[in-house]
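This is data_19.cif (mmCIF, N, CA and C atoms).
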data_start
#
loop_
_atom_site.label_atom_id
_atom_site.label_comp_id
_atom_site.auth_asym_id
_atom_site.auth_seq_id
_atom_site.Cartn_x
_atom_site.Cartn_y
_atom_site.Cartn_z
N MET A 93 8.50 -7.04 7.68
CA MET A 93 7.96 -8.22 7.06
C MET A 93 8.83 -9.43 7.41
N ILE A 94 10.14 -9.27 7.34
CA ILE A 94 11.03 -10.37 7.67
C ILE A 94 10.89 -10.75 9.14
N ARG A 95 10.74 -9.73 10.00
CA ARG A 95 10.54 -10.01 11.43
C ARG A 95 9.30 -10.85 11.64
N ASP A 96 8.21 -10.50 10.98
CA ASP A 96 6.97 -11.25 11.12
C ASP A 96 7.13 -12.70 10.66
N ILE A 97 7.84 -12.90 9.58
CA ILE A 97 8.06 -14.26 9.07
C ILE A 97 8.92 -15.06 10.05
N ILE A 98 9.95 -14.43 10.60
CA ILE A 98 10.83 -15.12 11.55
C ILE A 98 10.08 -15.54 12.80
N ILE A 99 9.19 -14.70 13.29
CA ILE A 99 8.45 -15.05 14.51
C ILE A 99 7.14 -15.77 14.20
N ASN A 100 6.99 -16.21 12.95
CA ASN A 100 5.86 -17.04 12.52
C ASN A 100 4.51 -16.33 12.67
N GLU A 101 4.46 -15.07 12.28
CA GLU A 101 3.21 -14.31 12.25
C GLU A 101 2.92 -13.89 10.82
N GLU A 102 1.67 -13.60 10.57
CA GLU A 102 1.29 -13.10 9.25
C GLU A 102 1.84 -11.69 9.09
N PRO A 103 2.59 -11.42 8.00
CA PRO A 103 3.14 -10.08 7.80
C PRO A 103 2.04 -9.01 7.72
N LEU A 104 2.35 -7.84 8.24
CA LEU A 104 1.38 -6.75 8.32
C LEU A 104 0.82 -6.39 6.96
N VAL A 105 1.63 -6.43 5.90
CA VAL A 105 1.14 -6.04 4.58
C VAL A 105 0.12 -7.00 4.01
N PHE A 106 0.04 -8.24 4.56
CA PHE A 106 -0.93 -9.22 4.07
C PHE A 106 -2.22 -9.22 4.87
N ARG A 107 -2.32 -8.38 5.85
CA ARG A 107 -3.55 -8.31 6.65
C ARG A 107 -4.57 -7.49 5.91
N LYS A 108 -5.70 -7.23 6.54
CA LYS A 108 -6.82 -6.61 5.84
C LYS A 108 -6.62 -5.13 5.49
N ASP A 109 -5.61 -4.49 6.04
CA ASP A 109 -5.39 -3.07 5.73
C ASP A 109 -4.86 -2.90 4.31
N ILE A 110 -4.85 -1.68 3.85
CA ILE A 110 -4.57 -1.36 2.45
C ILE A 110 -3.09 -1.06 2.21
N TYR A 111 -2.17 -1.54 3.01
CA TYR A 111 -0.76 -1.18 2.84
C TYR A 111 -0.22 -1.57 1.47
N ALA A 112 -0.36 -2.82 1.10
CA ALA A 112 0.21 -3.30 -0.16
C ALA A 112 -0.47 -2.66 -1.35
N LEU A 113 -1.79 -2.52 -1.30
CA LEU A 113 -2.51 -1.92 -2.43
C LEU A 113 -2.15 -0.44 -2.59
N ALA A 114 -1.92 0.26 -1.49
CA ALA A 114 -1.51 1.66 -1.57
C ALA A 114 -0.15 1.77 -2.27
N CYS A 115 0.75 0.84 -1.97
CA CYS A 115 2.06 0.84 -2.61
C CYS A 115 1.97 0.50 -4.09
N VAL A 116 1.09 -0.41 -4.44
CA VAL A 116 0.87 -0.74 -5.85
C VAL A 116 0.33 0.49 -6.58
N PHE A 117 -0.61 1.18 -5.96
CA PHE A 117 -1.16 2.39 -6.57
C PHE A 117 -0.06 3.45 -6.77
N GLY A 118 0.81 3.60 -5.76
CA GLY A 118 1.93 4.53 -5.89
C GLY A 118 2.87 4.14 -7.02
N GLY A 119 3.08 2.84 -7.20
CA GLY A 119 3.91 2.37 -8.30
C GLY A 119 3.30 2.65 -9.65
N VAL A 120 1.99 2.49 -9.74
CA VAL A 120 1.28 2.80 -10.99
C VAL A 120 1.38 4.30 -11.29
N MET A 121 1.20 5.12 -10.25
CA MET A 121 1.32 6.57 -10.46
C MET A 121 2.75 6.93 -10.89
N TYR A 122 3.75 6.27 -10.32
CA TYR A 122 5.14 6.50 -10.70
C TYR A 122 5.36 6.17 -12.17
N ALA A 123 4.82 5.02 -12.61
CA ALA A 123 4.99 4.60 -14.00
C ALA A 123 4.30 5.57 -14.96
N ILE A 124 3.12 6.03 -14.58
CA ILE A 124 2.39 6.98 -15.43
C ILE A 124 3.16 8.29 -15.54
N CYS A 125 3.61 8.80 -14.39
CA CYS A 125 4.34 10.07 -14.39
C CYS A 125 5.67 9.95 -15.13
N LEU A 126 6.31 8.79 -15.02
CA LEU A 126 7.56 8.56 -15.74
C LEU A 126 7.32 8.56 -17.24
N ARG A 127 6.23 7.92 -17.65
CA ARG A 127 5.88 7.86 -19.07
C ARG A 127 5.57 9.25 -19.62
N VAL A 128 4.93 10.10 -18.79
CA VAL A 128 4.59 11.46 -19.21
C VAL A 128 5.85 12.32 -19.33
N GLY A 129 6.87 11.98 -18.56
CA GLY A 129 8.13 12.71 -18.65
C GLY A 129 8.27 13.82 -17.62
N LEU A 130 7.67 13.66 -16.47
CA LEU A 130 7.78 14.67 -15.41
C LEU A 130 9.17 14.67 -14.81
N PRO A 131 9.60 15.80 -14.27
CA PRO A 131 10.91 15.85 -13.59
C PRO A 131 10.93 14.89 -12.39
N ASP A 132 12.12 14.41 -12.04
CA ASP A 132 12.26 13.41 -10.98
C ASP A 132 11.66 13.85 -9.65
N ALA A 133 11.89 15.07 -9.25
CA ALA A 133 11.40 15.55 -7.96
C ALA A 133 9.87 15.52 -7.93
N LEU A 134 9.24 15.97 -8.98
CA LEU A 134 7.78 15.98 -9.06
C LEU A 134 7.23 14.56 -9.14
N LEU A 135 7.92 13.72 -9.87
CA LEU A 135 7.56 12.31 -10.01
C LEU A 135 7.54 11.62 -8.65
N GLN A 136 8.57 11.83 -7.86
CA GLN A 136 8.64 11.23 -6.54
C GLN A 136 7.60 11.80 -5.59
N PHE A 137 7.38 13.10 -5.67
CA PHE A 137 6.39 13.74 -4.81
C PHE A 137 4.98 13.22 -5.10
N ILE A 138 4.62 13.11 -6.35
CA ILE A 138 3.29 12.62 -6.74
C ILE A 138 3.11 11.17 -6.30
N SER A 139 4.12 10.36 -6.50
CA SER A 139 4.04 8.94 -6.11
C SER A 139 3.86 8.79 -4.61
N ALA A 140 4.68 9.46 -3.83
CA ALA A 140 4.60 9.37 -2.37
C ALA A 140 3.28 9.93 -1.86
N THR A 141 2.86 11.04 -2.41
CA THR A 141 1.60 11.66 -1.99
C THR A 141 0.42 10.74 -2.30
N SER A 142 0.45 10.06 -3.43
CA SER A 142 -0.66 9.17 -3.78
C SER A 142 -0.75 8.00 -2.79
N VAL A 143 0.38 7.46 -2.36
CA VAL A 143 0.37 6.37 -1.38
C VAL A 143 -0.20 6.87 -0.05
N ILE A 144 0.25 8.03 0.38
CA ILE A 144 -0.22 8.59 1.65
C ILE A 144 -1.72 8.89 1.59
N LEU A 145 -2.19 9.45 0.49
CA LEU A 145 -3.61 9.76 0.36
C LEU A 145 -4.48 8.51 0.35
N VAL A 146 -4.02 7.46 -0.31
CA VAL A 146 -4.78 6.20 -0.31
C VAL A 146 -4.90 5.67 1.11
N ARG A 147 -3.82 5.71 1.88
CA ARG A 147 -3.86 5.24 3.26
C ARG A 147 -4.79 6.10 4.12
N ILE A 148 -4.74 7.41 3.94
CA ILE A 148 -5.60 8.31 4.73
C ILE A 148 -7.07 8.04 4.42
N VAL A 149 -7.40 7.90 3.13
CA VAL A 149 -8.79 7.63 2.74
C VAL A 149 -9.23 6.27 3.27
N ALA A 150 -8.37 5.28 3.22
CA ALA A 150 -8.71 3.94 3.72
C ALA A 150 -8.98 3.96 5.22
N VAL A 151 -8.17 4.69 5.96
CA VAL A 151 -8.38 4.77 7.41
C VAL A 151 -9.63 5.56 7.73
N LYS A 152 -9.82 6.68 7.05
CA LYS A 152 -10.97 7.55 7.35
C LYS A 152 -12.30 6.86 7.06
N TYR A 153 -12.38 6.14 5.96
CA TYR A 153 -13.64 5.51 5.56
C TYR A 153 -13.68 4.01 5.88
N HIS A 154 -12.73 3.53 6.69
CA HIS A 154 -12.69 2.13 7.12
C HIS A 154 -12.73 1.17 5.94
N ILE A 155 -11.92 1.45 4.93
CA ILE A 155 -11.84 0.59 3.75
C ILE A 155 -10.75 -0.45 4.00
N SER A 156 -11.06 -1.69 3.72
CA SER A 156 -10.07 -2.75 3.86
C SER A 156 -10.30 -3.79 2.78
N VAL A 157 -9.28 -4.59 2.55
CA VAL A 157 -9.41 -5.67 1.57
C VAL A 157 -10.08 -6.86 2.24
N PRO A 158 -10.80 -7.67 1.47
CA PRO A 158 -11.42 -8.85 2.08
C PRO A 158 -10.36 -9.84 2.56
N VAL A 159 -10.65 -10.50 3.65
CA VAL A 159 -9.73 -11.49 4.21
C VAL A 159 -10.17 -12.87 3.76
N LEU A 160 -9.25 -13.60 3.16
CA LEU A 160 -9.57 -14.96 2.71
C LEU A 160 -9.51 -15.92 3.89
N LYS A 161 -10.50 -16.74 4.01
CA LYS A 161 -10.52 -17.74 5.08
C LYS A 161 -10.00 -19.05 4.51
N GLY A 162 -8.92 -19.54 5.04
CA GLY A 162 -8.34 -20.79 4.57
C GLY A 162 -8.61 -21.91 5.55
N GLU A 163 -8.29 -23.10 5.12
CA GLU A 163 -8.44 -24.25 6.01
C GLU A 163 -7.30 -24.22 7.02
N GLU A 164 -7.61 -24.57 8.25
CA GLU A 164 -6.59 -24.57 9.31
C GLU A 164 -6.40 -25.93 9.87
#
Taking this structure as input, can you express it in the form of structure tokens?
Amino acid sequence: MIRDIIINEEPLVFRKDIYALACVFGGVMYAICLRVGLPDALLQFISATSVILVRIVAVKYHISVPVLKGEE
């Protein structure tokens, strides 16, 4: 992300792919599992797996976030 900003390009996480939303979903799963009281190893596994699964589903079914068109 820092590299993209330095070379004056739009960072990859802000493009139409689901990178940022997958990470937010993983964070929500982490918070839920933490609240439930799961062991740390299971907590981390569930969080990481949820991010990976969201990305796989997004790629397989061509799901993307809408791109906002701004004035240039």
Each residue of range 100-131 of chain A lying at most 10 Å from range 140-160 of chain A should get a row with its shortest atom-to-atom pair and the distance in Å to one decimal, counting only C-alpha atoms; could you produce that, ordered by chain and increasing number, as a tab-separated table?
residue	atom	partner	partner_atom	distance
A:Phe106	CA	A:Val159	CA	9.1
A:Arg107	CA	A:Val159	CA	7.4
A:Lys108	CA	A:Val157	CA	5.1
A:Asp109	CA	A:Ser156	CA	5.0
A:Ile110	CA	A:Ser156	CA	5.8
A:Tyr111	CA	A:Arg147	CA	7.1
A:Ala112	CA	A:Val143	CA	9.7
A:Leu113	CA	A:Val146	CA	8.7
A:Ala114	CA	A:Val143	CA	5.1
A:Cys115	CA	A:Val143	CA	5.9
A:Val116	CA	A:Val143	CA	8.4
A:Phe117	CA	A:Val143	CA	6.7
A:Gly118	CA	A:Val143	CA	5.1
A:Gly119	CA	A:Val143	CA	8.7
A:Val120	CA	A:Ser142	CA	9.8
A:Met121	CA	A:Ser142	CA	7.4
A:Tyr122	CA	A:Ala140	CA	8.8
Identify, with DSSP run on backbone atoms, the residues in chain A assigned to helix (DSSP H, G or I), and express the list as a PyMOL selection string.
-> chain A and resi 94-98+104-106+111-128+132-152
What is the CA of Leu135 in chain A to CA of Ala123 in chain A distance in Å?
-> 9.1 Å
Where atoms are missing, can you supply all heavy atoms for range 134-145 of chain A and output the lot as a tab-separated table (two decimals), in the frame of the given file?
chain	number	residue	atom	x	y	z
A	134	LEU	N	9.24	15.97	-8.98
A	134	LEU	CA	7.78	15.98	-9.06
A	134	LEU	C	7.23	14.56	-9.14
A	134	LEU	O	6.23	14.22	-8.52
A	134	LEU	CB	7.32	16.80	-10.26
A	134	LEU	CG	5.82	17.01	-10.43
A	134	LEU	CD1	5.24	17.69	-9.19
A	134	LEU	CD2	5.53	17.83	-11.66
A	135	LEU	N	7.92	13.72	-9.87
A	135	LEU	CA	7.56	12.31	-10.01
A	135	LEU	C	7.54	11.62	-8.65
A	135	LEU	O	6.58	10.94	-8.30
A	135	LEU	CB	8.58	11.65	-10.93
A	135	LEU	CG	8.58	10.16	-11.14
A	135	LEU	CD1	7.49	9.80	-12.14
A	135	LEU	CD2	9.91	9.73	-11.69
A	136	GLN	N	8.57	11.83	-7.86
A	136	GLN	CA	8.64	11.23	-6.54
A	136	GLN	C	7.60	11.80	-5.59
A	136	GLN	O	7.00	11.08	-4.79
A	136	GLN	CB	10.05	11.42	-5.96
A	136	GLN	CG	11.10	10.68	-6.75
A	136	GLN	CD	12.51	11.09	-6.39
A	136	GLN	OE1	12.73	11.87	-5.46
A	136	GLN	NE2	13.48	10.59	-7.13
A	137	PHE	N	7.38	13.10	-5.67
A	137	PHE	CA	6.39	13.74	-4.81
A	137	PHE	C	4.98	13.22	-5.10
A	137	PHE	O	4.23	12.88	-4.18
A	137	PHE	CB	6.42	15.27	-4.99
A	137	PHE	CG	5.38	15.98	-4.20
A	137	PHE	CD1	5.53	16.17	-2.83
A	137	PHE	CD2	4.23	16.46	-4.82
A	137	PHE	CE1	4.56	16.82	-2.10
A	137	PHE	CE2	3.25	17.12	-4.08
A	137	PHE	CZ	3.42	17.30	-2.72
A	138	ILE	N	4.62	13.11	-6.35
A	138	ILE	CA	3.29	12.62	-6.74
A	138	ILE	C	3.11	11.17	-6.30
A	138	ILE	O	2.06	10.80	-5.77
A	138	ILE	CB	3.06	12.79	-8.25
A	138	ILE	CG1	2.94	14.27	-8.60
A	138	ILE	CG2	1.83	12.02	-8.70
A	138	ILE	CD1	2.88	14.56	-10.08
A	139	SER	N	4.12	10.36	-6.50
A	139	SER	CA	4.04	8.94	-6.11
A	139	SER	C	3.86	8.79	-4.61
A	139	SER	O	2.99	8.05	-4.14
A	139	SER	CB	5.28	8.20	-6.56
A	139	SER	OG	5.42	8.25	-7.95
A	140	ALA	N	4.68	9.46	-3.83
A	140	ALA	CA	4.60	9.37	-2.37
A	140	ALA	C	3.28	9.93	-1.86
A	140	ALA	O	2.64	9.34	-0.98
A	140	ALA	CB	5.77	10.11	-1.73
A	141	THR	N	2.86	11.04	-2.41
A	141	THR	CA	1.60	11.66	-1.99
A	141	THR	C	0.42	10.74	-2.30
A	141	THR	O	-0.51	10.63	-1.50
A	141	THR	CB	1.41	13.03	-2.68
A	141	THR	OG1	2.54	13.85	-2.37
A	141	THR	CG2	0.14	13.70	-2.22
A	142	SER	N	0.45	10.06	-3.43
A	142	SER	CA	-0.66	9.17	-3.78
A	142	SER	C	-0.75	8.00	-2.79
A	142	SER	O	-1.85	7.61	-2.39
A	142	SER	CB	-0.52	8.67	-5.21
A	142	SER	OG	0.61	7.84	-5.36
A	143	VAL	N	0.38	7.46	-2.36
A	143	VAL	CA	0.37	6.37	-1.38
A	143	VAL	C	-0.20	6.87	-0.05
A	143	VAL	O	-1.05	6.22	0.56
A	143	VAL	CB	1.79	5.80	-1.16
A	143	VAL	CG1	1.81	4.81	0.00
A	143	VAL	CG2	2.29	5.14	-2.43
A	144	ILE	N	0.25	8.03	0.38
A	144	ILE	CA	-0.22	8.59	1.65
A	144	ILE	C	-1.72	8.89	1.59
A	144	ILE	O	-2.46	8.58	2.53
A	144	ILE	CB	0.58	9.86	2.00
A	144	ILE	CG1	2.03	9.47	2.32
A	144	ILE	CG2	-0.04	10.61	3.17
A	144	ILE	CD1	2.99	10.64	2.38
A	145	LEU	N	-2.19	9.45	0.49
A	145	LEU	CA	-3.61	9.76	0.36
A	145	LEU	C	-4.48	8.51	0.35
A	145	LEU	O	-5.56	8.49	0.95
A	145	LEU	CB	-3.86	10.59	-0.90
A	145	LEU	CG	-3.39	12.03	-0.83
A	145	LEU	CD1	-3.62	12.74	-2.17
A	145	LEU	CD2	-4.10	12.78	0.28
